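Before any comments, here is the structure.
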Amino acid sequence: MSQTNILVLVGSLRAASVNRQLAETAVSVAPEGADVTVFDGLGEVPFYNEDIDVAGSLPAVEALRDAAGRADALLILTPEYNGTIPAVLKNAIDWISRPYGTGAVKDKPVAVISASPSGNGAQWAHEDTRKAVRIAGGKVLEDVTLAIGGTIDKFGDRHPRENAEVAQQVADVVTSLVDATKQLVDA
């Protein structure tokens, strides 16, 4: 495998969110041979409803499923809203898990990065995201976790990629996804 395609889903729709900036960091620190792409259309994806889950009827859903289907692995970035995963992110996981047993996330390596201004680094959302993806059929990298707390103090007005320690931690997560994808191909 020469190129590993990693799709990034961001649980915050805010353009300047720290989680969005961490996704941008993942793109900028990706190792050679990894193509990391941030999916920008989660805000247009309607809430999952089996009644409207009809092939070709929802362009935003088709775009999400196609992007996830083409990806070799997924990187999910999540803030924490009221102690859990943001609805937009859970909704994306619901859509890519369908049809059940054959959805676009099935058997793909998945890593989760969480970040929040609180000291806990959105750990509850981190765990809930990992649980939802695991149940949806993704292969969550159990030994790869990154929860970044205290983001206001840590980054201030600077982009997370300017923090060498955090940039390296994000690079390590992306590299782990690449390695996991290669292990699946070699198996």
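Ordering of the structure tokens sets the chain letters (A, B, ...), residue numbers begin anew at 1 in every chain, and ligands are numbered from 1 in the order given.
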Those of region 52-155 of chain A in DSSP alpha helix (DSSP H), formatted as an MDAnalysis selection string: chainID A and resid 59:70 87:96 123:136 151:155
Now that the selection is made, can you save its residues with N, CA and C atoms as a short mmCIF file (atom, residue, chain, number, x, y, z; two decimals), in the first residue's frame?
data_model
loop_
_atom_site.label_atom_id
_atom_site.label_comp_id
_atom_site.auth_asym_id
_atom_site.auth_seq_id
_atom_site.Cartn_x
_atom_site.Cartn_y
_atom_site.Cartn_z
N PRO A 59 -27.73 14.13 -0.64
CA PRO A 59 -26.36 14.37 -1.09
C PRO A 59 -25.34 14.51 0.04
N ALA A 60 -25.70 15.14 1.15
CA ALA A 60 -24.74 15.31 2.25
C ALA A 60 -24.38 13.96 2.87
N VAL A 61 -25.35 13.08 2.98
CA VAL A 61 -25.11 11.75 3.52
C VAL A 61 -24.27 10.93 2.55
N GLU A 62 -24.60 11.02 1.28
CA GLU A 62 -23.82 10.30 0.26
C GLU A 62 -22.36 10.75 0.28
N ALA A 63 -22.14 12.06 0.42
CA ALA A 63 -20.76 12.58 0.47
C ALA A 63 -20.03 12.03 1.69
N LEU A 64 -20.69 12.01 2.85
CA LEU A 64 -20.07 11.47 4.06
C LEU A 64 -19.76 9.99 3.90
N ARG A 65 -20.74 9.23 3.45
CA ARG A 65 -20.52 7.79 3.30
C ARG A 65 -19.46 7.49 2.25
N ASP A 66 -19.45 8.23 1.16
CA ASP A 66 -18.43 8.02 0.13
C ASP A 66 -17.04 8.32 0.68
N ALA A 67 -16.91 9.44 1.40
CA ALA A 67 -15.60 9.80 1.96
C ALA A 67 -15.15 8.75 2.96
N ALA A 68 -16.05 8.30 3.81
CA ALA A 68 -15.70 7.27 4.79
C ALA A 68 -15.40 5.94 4.10
N GLY A 69 -16.13 5.64 3.05
CA GLY A 69 -15.90 4.41 2.32
C GLY A 69 -14.54 4.37 1.63
N ARG A 70 -14.10 5.51 1.11
CA ARG A 70 -12.79 5.60 0.44
C ARG A 70 -11.63 5.61 1.43
N ALA A 87 -23.70 16.00 19.34
CA ALA A 87 -24.73 15.35 18.52
C ALA A 87 -24.29 15.22 17.07
N VAL A 88 -23.62 16.22 16.53
CA VAL A 88 -23.23 16.16 15.11
C VAL A 88 -22.27 15.01 14.85
N LEU A 89 -21.41 14.72 15.80
CA LEU A 89 -20.45 13.64 15.64
C LEU A 89 -21.13 12.28 15.81
N LYS A 90 -21.97 12.14 16.82
CA LYS A 90 -22.71 10.89 17.00
C LYS A 90 -23.57 10.61 15.78
N ASN A 91 -24.18 11.64 15.22
CA ASN A 91 -25.00 11.50 14.03
C ASN A 91 -24.17 10.99 12.85
N ALA A 92 -22.97 11.52 12.68
CA ALA A 92 -22.10 11.06 11.59
C ALA A 92 -21.75 9.59 11.76
N ILE A 93 -21.45 9.20 12.99
CA ILE A 93 -21.15 7.79 13.26
C ILE A 93 -22.37 6.92 12.94
N ASP A 94 -23.56 7.39 13.31
CA ASP A 94 -24.78 6.64 13.01
C ASP A 94 -24.94 6.44 11.50
N TRP A 95 -24.75 7.49 10.71
CA TRP A 95 -24.91 7.38 9.26
C TRP A 95 -23.87 6.44 8.64
N ILE A 96 -22.61 6.55 9.06
CA ILE A 96 -21.59 5.70 8.41
C ILE A 96 -21.61 4.26 8.93
N GLN A 123 -12.51 13.85 28.41
CA GLN A 123 -12.35 12.39 28.55
C GLN A 123 -13.67 11.64 28.44
N TRP A 124 -14.77 12.20 28.94
CA TRP A 124 -16.05 11.50 28.85
C TRP A 124 -16.48 11.39 27.38
N ALA A 125 -16.35 12.48 26.65
CA ALA A 125 -16.68 12.45 25.22
C ALA A 125 -15.74 11.51 24.47
N HIS A 126 -14.47 11.51 24.88
CA HIS A 126 -13.48 10.64 24.27
C HIS A 126 -13.92 9.18 24.40
N GLU A 127 -14.29 8.79 25.61
CA GLU A 127 -14.72 7.40 25.85
C GLU A 127 -16.03 7.09 25.15
N ASP A 128 -16.97 8.03 25.17
CA ASP A 128 -18.25 7.80 24.50
C ASP A 128 -18.07 7.67 22.99
N THR A 129 -17.16 8.44 22.43
CA THR A 129 -16.89 8.37 20.99
C THR A 129 -16.28 7.01 20.64
N ARG A 130 -15.31 6.59 21.43
CA ARG A 130 -14.69 5.28 21.19
C ARG A 130 -15.73 4.16 21.29
N LYS A 131 -16.61 4.26 22.27
CA LYS A 131 -17.66 3.25 22.44
C LYS A 131 -18.59 3.23 21.23
N ALA A 132 -19.06 4.39 20.79
CA ALA A 132 -19.98 4.46 19.65
C ALA A 132 -19.33 3.90 18.39
N VAL A 133 -18.08 4.25 18.14
CA VAL A 133 -17.39 3.76 16.94
C VAL A 133 -17.17 2.26 17.02
N ARG A 134 -16.80 1.79 18.18
CA ARG A 134 -16.57 0.35 18.37
C ARG A 134 -17.87 -0.42 18.07
N ILE A 135 -18.99 0.04 18.62
CA ILE A 135 -20.28 -0.62 18.40
C ILE A 135 -20.69 -0.51 16.93
N ALA A 136 -20.32 0.57 16.27
CA ALA A 136 -20.64 0.77 14.85
C ALA A 136 -19.80 -0.12 13.94
N THR A 151 -7.00 23.71 27.20
CA THR A 151 -6.60 24.24 25.89
C THR A 151 -6.44 25.76 25.87
N ILE A 152 -7.19 26.48 26.66
CA ILE A 152 -7.07 27.94 26.67
C ILE A 152 -5.69 28.34 27.18
N ASP A 153 -5.28 27.74 28.28
CA ASP A 153 -3.95 28.05 28.82
C ASP A 153 -2.84 27.48 27.94
N LYS A 154 -3.07 26.32 27.38
CA LYS A 154 -2.04 25.64 26.58
C LYS A 154 -1.77 26.36 25.25
N PHE A 155 -2.84 26.83 24.59
CA PHE A 155 -2.67 27.41 23.26
C PHE A 155 -2.85 28.92 23.21
#
List the neighbours of region 34-39 of chain A out to 12 Å using only C-alpha atoms; skip same-chain residues closer than 4 positions along the sequence, and give me the result as a PDB file with N, CA and C atoms, in the first residue's frame.
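Result saved to part_1.pdb:
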ATOM      1  N   MET A   1       0.848  -1.172   0.000  1.00  0.00           N
ATOM      2  CA  MET A   1       0.000   0.000   0.000  1.00  0.00           C
ATOM      3  C   MET A   1       0.891   1.230   0.000  1.00  0.00           C
ATOM      4  N   SER A   2       0.733   2.070  -0.999  1.00  0.00           N
ATOM      5  CA  SER A   2       1.606   3.235  -1.095  1.00  0.00           C
ATOM      6  C   SER A   2       1.044   4.455  -0.379  1.00  0.00           C
ATOM      7  N   GLN A   3      -0.236   4.642  -0.398  1.00  0.00           N
ATOM      8  CA  GLN A   3      -0.855   5.819   0.199  1.00  0.00           C
ATOM      9  C   GLN A   3      -1.942   5.382   1.169  1.00  0.00           C
ATOM     10  N   THR A   4      -1.938   5.928   2.364  1.00  0.00           N
ATOM     11  CA  THR A   4      -2.982   5.657   3.345  1.00  0.00           C
ATOM     12  C   THR A   4      -3.887   6.869   3.420  1.00  0.00           C
ATOM     13  N   ASN A   5      -5.174   6.642   3.176  1.00  0.00           N
ATOM     14  CA  ASN A   5      -6.150   7.734   3.214  1.00  0.00           C
ATOM     15  C   ASN A   5      -6.854   7.745   4.558  1.00  0.00           C
ATOM     16  N   ILE A   6      -6.717   8.862   5.265  1.00  0.00           N
ATOM     17  CA  ILE A   6      -7.321   9.011   6.587  1.00  0.00           C
ATOM     18  C   ILE A   6      -8.348  10.131   6.524  1.00  0.00           C
ATOM     19  N   LEU A   7      -9.573   9.797   6.891  1.00  0.00           N
ATOM     20  CA  LEU A   7     -10.645  10.783   6.942  1.00  0.00           C
ATOM     21  C   LEU A   7     -10.762  11.298   8.364  1.00  0.00           C
ATOM     22  N   VAL A   8     -10.850  12.617   8.503  1.00  0.00           N
ATOM     23  CA  VAL A   8     -10.975  13.246   9.812  1.00  0.00           C
ATOM     24  C   VAL A   8     -12.388  13.798   9.972  1.00  0.00           C
ATOM     25  N   LEU A   9     -13.042  13.399  11.058  1.00  0.00           N
ATOM     26  CA  LEU A   9     -14.352  13.934  11.419  1.00  0.00           C
ATOM     27  C   LEU A   9     -14.178  14.782  12.667  1.00  0.00           C
ATOM     28  N   VAL A  10     -14.718  16.000  12.634  1.00  0.00           N
ATOM     29  CA  VAL A  10     -14.565  16.942  13.745  1.00  0.00           C
ATOM     30  C   VAL A  10     -15.929  17.194  14.376  1.00  0.00           C
ATOM     31  N   GLY A  11     -16.016  16.999  15.678  1.00  0.00           N
ATOM     32  CA  GLY A  11     -17.272  17.130  16.393  1.00  0.00           C
ATOM     33  C   GLY A  11     -17.701  18.543  16.718  1.00  0.00           C
ATOM     34  N   SER A  12     -16.929  19.532  16.322  1.00  0.00           N
ATOM     35  CA  SER A  12     -17.321  20.930  16.509  1.00  0.00           C
ATOM     36  C   SER A  12     -17.490  21.567  15.137  1.00  0.00           C
ATOM     37  N   LEU A  13     -18.605  22.242  14.934  1.00  0.00           N
ATOM     38  CA  LEU A  13     -18.849  22.914  13.654  1.00  0.00           C
ATOM     39  C   LEU A  13     -18.249  24.318  13.612  1.00  0.00           C
ATOM     40  N   ASN A  19     -10.706  21.881  18.328  1.00  0.00           N
ATOM     41  CA  ASN A  19     -10.756  20.564  17.703  1.00  0.00           C
ATOM     42  C   ASN A  19     -10.575  20.667  16.191  1.00  0.00           C
ATOM     43  N   ARG A  20     -11.137  21.688  15.588  1.00  0.00           N
ATOM     44  CA  ARG A  20     -10.914  21.920  14.149  1.00  0.00           C
ATOM     45  C   ARG A  20      -9.430  22.211  13.903  1.00  0.00           C
ATOM     46  N   GLN A  21      -8.829  23.010  14.749  1.00  0.00           N
ATOM     47  CA  GLN A  21      -7.408  23.324  14.603  1.00  0.00           C
ATOM     48  C   GLN A  21      -6.539  22.083  14.808  1.00  0.00           C
ATOM     49  N   LEU A  22      -6.939  21.204  15.696  1.00  0.00           N
ATOM     50  CA  LEU A  22      -6.204  19.950  15.872  1.00  0.00           C
ATOM     51  C   LEU A  22      -6.331  19.072  14.629  1.00  0.00           C
ATOM     52  N   ALA A  23      -7.483  19.110  13.979  1.00  0.00           N
ATOM     53  CA  ALA A  23      -7.651  18.387  12.710  1.00  0.00           C
ATOM     54  C   ALA A  23      -6.710  18.960  11.661  1.00  0.00           C
ATOM     55  N   GLU A  24      -6.608  20.291  11.601  1.00  0.00           N
ATOM     56  CA  GLU A  24      -5.671  20.939  10.676  1.00  0.00           C
ATOM     57  C   GLU A  24      -4.232  20.552  11.014  1.00  0.00           C
ATOM     58  N   THR A  25      -3.957  20.415  12.298  1.00  0.00           N
ATOM     59  CA  THR A  25      -2.633  19.976  12.735  1.00  0.00           C
ATOM     60  C   THR A  25      -2.355  18.568  12.212  1.00  0.00           C
ATOM     61  N   ALA A  26      -3.341  17.693  12.306  1.00  0.00           N
ATOM     62  CA  ALA A  26      -3.173  16.321  11.805  1.00  0.00           C
ATOM     63  C   ALA A  26      -2.822  16.322  10.322  1.00  0.00           C
ATOM     64  N   VAL A  27      -3.457  17.200   9.558  1.00  0.00           N
ATOM     65  CA  VAL A  27      -3.147  17.303   8.128  1.00  0.00           C
ATOM     66  C   VAL A  27      -1.701  17.740   7.934  1.00  0.00           C
ATOM     67  N   SER A  28      -1.273  18.731   8.725  1.00  0.00           N
ATOM     68  CA  SER A  28       0.064  19.303   8.519  1.00  0.00           C
ATOM     69  C   SER A  28       1.198  18.425   9.036  1.00  0.00           C
ATOM     70  N   VAL A  29       0.928  17.512   9.968  1.00  0.00           N
ATOM     71  CA  VAL A  29       1.998  16.680  10.528  1.00  0.00           C
ATOM     72  C   VAL A  29       1.938  15.234  10.039  1.00  0.00           C
ATOM     73  N   ALA A  30       1.070  14.953   9.093  1.00  0.00           N
ATOM     74  CA  ALA A  30       0.936  13.582   8.592  1.00  0.00           C
ATOM     75  C   ALA A  30       2.250  13.104   7.993  1.00  0.00           C
ATOM     76  N   GLY A  43     -22.268  19.556   9.130  1.00  0.00           N
ATOM     77  CA  GLY A  43     -23.379  20.448   9.461  1.00  0.00           C
ATOM     78  C   GLY A  43     -24.574  20.295   8.534  1.00  0.00           C
ATOM     79  N   GLU A  44     -24.365  19.705   7.360  1.00  0.00           N
ATOM     80  CA  GLU A  44     -25.457  19.519   6.394  1.00  0.00           C
ATOM     81  C   GLU A  44     -26.108  18.147   6.489  1.00  0.00           C
ATOM     82  N   VAL A  45     -25.552  17.265   7.285  1.00  0.00           N
ATOM     83  CA  VAL A  45     -26.070  15.898   7.397  1.00  0.00           C
ATOM     84  C   VAL A  45     -27.270  15.898   8.347  1.00  0.00           C
ATOM     85  N   ALA A  60     -25.698  15.135   1.145  1.00  0.00           N
ATOM     86  CA  ALA A  60     -24.739  15.309   2.246  1.00  0.00           C
ATOM     87  C   ALA A  60     -24.382  13.963   2.866  1.00  0.00           C
ATOM     88  N   VAL A  61     -25.352  13.080   2.975  1.00  0.00           N
ATOM     89  CA  VAL A  61     -25.114  11.747   3.521  1.00  0.00           C
ATOM     90  C   VAL A  61     -24.271  10.930   2.548  1.00  0.00           C
ATOM     91  N   ALA A  63     -22.142  12.056   0.425  1.00  0.00           N
ATOM     92  CA  ALA A  63     -20.765  12.580   0.474  1.00  0.00           C
ATOM     93  C   ALA A  63     -20.027  12.030   1.687  1.00  0.00           C
ATOM     94  N   LEU A  64     -20.691  12.007   2.848  1.00  0.00           N
ATOM     95  CA  LEU A  64     -20.074  11.473   4.060  1.00  0.00           C
ATOM     96  C   LEU A  64     -19.765   9.991   3.902  1.00  0.00           C
ATOM     97  N   ARG A  65     -20.741   9.234   3.455  1.00  0.00           N
ATOM     98  CA  ARG A  65     -20.525   7.790   3.297  1.00  0.00           C
ATOM     99  C   ARG A  65     -19.456   7.488   2.251  1.00  0.00           C
ATOM    100  N   ASP A  66     -19.453   8.234   1.162  1.00  0.00           N
ATOM    101  CA  ASP A  66     -18.428   8.023   0.126  1.00  0.00           C
ATOM    102  C   ASP A  66     -17.037   8.322   0.676  1.00  0.00           C
ATOM    103  N   ALA A  67     -16.907   9.437   1.396  1.00  0.00           N
ATOM    104  CA  ALA A  67     -15.603   9.802   1.962  1.00  0.00           C
ATOM    105  C   ALA A  67     -15.145   8.751   2.965  1.00  0.00           C
ATOM    106  N   ALA A  68     -16.051   8.301   3.807  1.00  0.00           N
ATOM    107  CA  ALA A  68     -15.696   7.272   4.790  1.00  0.00           C
ATOM    108  C   ALA A  68     -15.395   5.944   4.103  1.00  0.00           C
ATOM    109  N   ARG A  70     -14.097   5.508   1.113  1.00  0.00           N
ATOM    110  CA  ARG A  70     -12.788   5.600   0.437  1.00  0.00           C
ATOM    111  C   ARG A  70     -11.631   5.609   1.427  1.00  0.00           C
ATOM    112  N   ALA A  71     -11.908   5.985   2.666  1.00  0.00           N
ATOM    113  CA  ALA A  71     -10.845   6.096   3.667  1.00  0.00           C
ATOM    114  C   ALA A  71     -10.355   4.719   4.102  1.00  0.00           C
ATOM    115  N   ASP A  72      -9.079   4.658   4.408  1.00  0.00           N
ATOM    116  CA  ASP A  72      -8.493   3.447   4.978  1.00  0.00           C
ATOM    117  C   ASP A  72      -8.622   3.447   6.496  1.00  0.00           C
ATOM    118  N   ALA A  73      -8.745   4.642   7.079  1.00  0.00           N
ATOM    119  CA  ALA A  73      -8.825   4.794   8.528  1.00  0.00           C
ATOM    120  C   ALA A  73      -9.548   6.096   8.833  1.00  0.00           C
ATOM    121  N   LEU A  74     -10.011   6.215  10.077  1.00  0.00           N
ATOM    122  CA  LEU A  74     -10.705   7.423  10.515  1.00  0.00           C
ATOM    123  C   LEU A  74     -10.023   8.003  11.746  1.00  0.00           C
ATOM    124  N   LEU A  75      -9.917   9.320  11.766  1.00  0.00           N
ATOM    125  CA  LEU A  75      -9.456  10.060  12.932  1.00  0.00           C
ATOM    126  C   LEU A  75     -10.617  10.946  13.352  1.00  0.00           C
ATOM    127  N   ILE A  76     -11.026  10.821  14.601  1.00  0.00           N
ATOM    128  CA  ILE A  76     -12.165  11.586  15.092  1.00  0.00           C
ATOM    129  C   ILE A  76     -11.694  12.527  16.181  1.00  0.00           C
ATOM    130  N   LEU A  77     -12.069  13.802  16.040  1.00  0.00           N
ATOM    131  CA  LEU A  77     -11.728  14.818  17.035  1.00  0.00           C
ATOM    132  C   LEU A  77     -13.006  15.296  17.692  1.00  0.00           C
ATOM    133  N   LEU A  89     -21.412  14.724  15.802  1.00  0.00           N
ATOM    134  CA  LEU A  89     -20.451  13.644  15.643  1.00  0.00           C
ATOM    135  C   LEU A  89     -21.128  12.281  15.814  1.00  0.00           C
ATOM    136  N   ALA A  92     -22.973  11.520  12.677  1.00  0.00           N
ATOM    137  CA  ALA A  92     -22.097  11.064  11.588  1.00  0.00           C
ATOM    138  C   ALA A  92     -21.753   9.588  11.761  1.00  0.00           C
ATOM    139  N   ALA A 171       0.878  13.856  15.563  1.00  0.00           N
ATOM    140  CA  ALA A 171       1.617  13.100  14.539  1.00  0.00           C
ATOM    141  C   ALA A 171       1.718  11.628  14.934  1.00  0.00           C
ATOM    142  N   VAL A 174      -1.601   9.913  14.177  1.00  0.00           N
ATOM    143  CA  VAL A 174      -1.761   9.689  12.735  1.00  0.00           C
ATOM    144  C   VAL A 174      -0.858   8.543  12.276  1.00  0.00           C
ATOM    145  N   THR A 175       0.364   8.521  12.754  1.00  0.00           N
ATOM    146  CA  THR A 175       1.295   7.439  12.402  1.00  0.00           C
ATOM    147  C   THR A 175       0.757   6.090  12.870  1.00  0.00           C
ATOM    148  N   SER A 176       0.160   6.051  14.048  1.00  0.00           N
ATOM    149  CA  SER A 176      -0.436   4.808  14.547  1.00  0.00           C
ATOM    150  C   SER A 176      -1.567   4.334  13.641  1.00  0.00           C
ATOM    151  N   LEU A 177      -2.357   5.260  13.118  1.00  0.00           N
ATOM    152  CA  LEU A 177      -3.416   4.883  12.179  1.00  0.00           C
ATOM    153  C   LEU A 177      -2.828   4.306  10.900  1.00  0.00           C
ATOM    154  N   VAL A 178      -1.779   4.935  10.390  1.00  0.00           N
ATOM    155  CA  VAL A 178      -1.111   4.430   9.181  1.00  0.00           C
ATOM    156  C   VAL A 178      -0.587   3.019   9.437  1.00  0.00           C
ATOM    157  N   ASP A 179       0.078   2.834  10.559  1.00  0.00           N
ATOM    158  CA  ASP A 179       0.625   1.520  10.905  1.00  0.00           C
ATOM    159  C   ASP A 179      -0.480   0.461  11.032  1.00  0.00           C
ATOM    160  N   THR A 181      -3.359   0.445   9.588  1.00  0.00           N
ATOM    161  CA  THR A 181      -3.889   0.170   8.244  1.00  0.00           C
ATOM    162  C   THR A 181      -2.961  -0.800   7.512  1.00  0.00           C
ATOM    163  N   LYS A 182      -1.676  -0.580   7.617  1.00  0.00           N
ATOM    164  CA  LYS A 182      -0.711  -1.473   6.970  1.00  0.00           C
ATOM    165  C   LYS A 182      -0.775  -2.878   7.566  1.00  0.00           C
TER     166      LYS A 182
END
Picked from region 41-130 of chain A by DSSP as strand (DSSP E or B), as a PyMOL selection string: chain A and resi 73-78+81+84+109-115
Excluding Lys106 (chain A) and residues on its chain fewer than 4 positions from it, collect all residues at most 8 Å away from it, counting only C-alpha atoms, and give them as a tab-separated table (two decimals) with N, CA, C and O atoms, in the first residue's frame.
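Generated output (around_16.tsv):
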chain	number	residue	atom	x	y	z
A	97	SER	N	-22.41	4.00	9.95
A	97	SER	CA	-22.53	2.63	10.45
A	97	SER	C	-23.58	1.84	9.68
A	97	SER	O	-23.69	0.63	9.84
A	101	GLY	N	-23.68	-3.69	9.78
A	101	GLY	CA	-22.80	-4.80	9.43
A	101	GLY	C	-21.95	-4.56	8.19
A	101	GLY	O	-20.98	-5.27	7.97
A	102	THR	N	-22.32	-3.57	7.38
A	102	THR	CA	-21.54	-3.29	6.17
A	102	THR	C	-21.29	-1.80	5.97
A	102	THR	O	-20.91	-1.38	4.88
A	136	ALA	N	-20.32	0.57	16.27
A	136	ALA	CA	-20.64	0.77	14.85
A	136	ALA	C	-19.80	-0.12	13.94
A	136	ALA	O	-20.07	-0.20	12.74
A	137	GLY	N	-18.79	-0.77	14.49
A	137	GLY	CA	-17.99	-1.70	13.68
A	137	GLY	C	-16.57	-1.27	13.40
A	137	GLY	O	-15.81	-2.01	12.77
A	138	GLY	N	-16.19	-0.08	13.85
A	138	GLY	CA	-14.82	0.38	13.65
A	138	GLY	C	-13.85	-0.35	14.56
A	138	GLY	O	-14.23	-0.84	15.62
A	139	LYS	N	-12.60	-0.42	14.15
A	139	LYS	CA	-11.54	-1.06	14.94
A	139	LYS	C	-10.80	0.04	15.70
A	139	LYS	O	-9.79	0.56	15.24
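Closest approach to Gly83 (chain A) among A:Ala122, A:Leu184, A:Val110, A:Ala167: A:Ala122, based on only C-alpha atoms.
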Residue contacts of Ser118 (chain A) (6 Å, only C-alpha atoms) excluding same-chain residues fewer than 3 positions away, as a PyMOL selection string: chain A and resi 121+149-150
Please dump the current selection as a PDB file, in the first residue's frame; keep N, CA, C and O atoms.
ATOM      1  N   GLY A 121      -9.847  17.259  29.633  1.00  0.00           N
ATOM      2  CA  GLY A 121      -9.559  17.025  28.221  1.00  0.00           C
ATOM      3  C   GLY A 121     -10.662  16.305  27.474  1.00  0.00           C
ATOM      4  O   GLY A 121     -10.396  15.569  26.529  1.00  0.00           O
ATOM      5  N   GLY A 149      -6.341  18.611  27.695  1.00  0.00           N
ATOM      6  CA  GLY A 149      -7.087  19.496  28.577  1.00  0.00           C
ATOM      7  C   GLY A 149      -6.412  20.846  28.708  1.00  0.00           C
ATOM      8  O   GLY A 149      -5.267  21.033  28.301  1.00  0.00           O
ATOM      9  N   GLY A 150      -7.139  21.797  29.277  1.00  0.00           N
ATOM     10  CA  GLY A 150      -6.584  23.125  29.513  1.00  0.00           C
ATOM     11  C   GLY A 150      -6.178  23.838  28.241  1.00  0.00           C
ATOM     12  O   GLY A 150      -5.152  24.526  28.199  1.00  0.00           O
TER      13      GLY A 150
END
Which of A:Ala180, A:Pro86, A:Leu42, A:Ser17 sits closest to Leu141 (chain A) [using only C-alpha atoms]: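 Closest to Leu141 (chain A), using only C-alpha atoms: A:Ala180.
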Distance in Å - CA of Glu80 (chain A) versus CA of Ala15 (chain A): 16.3 Å
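Nearest residue to Ala115 (chain A), choosing from A:Val144, A:Val166, A:Ile85, A:Val18 and counting only C-alpha atoms: A:Val18.
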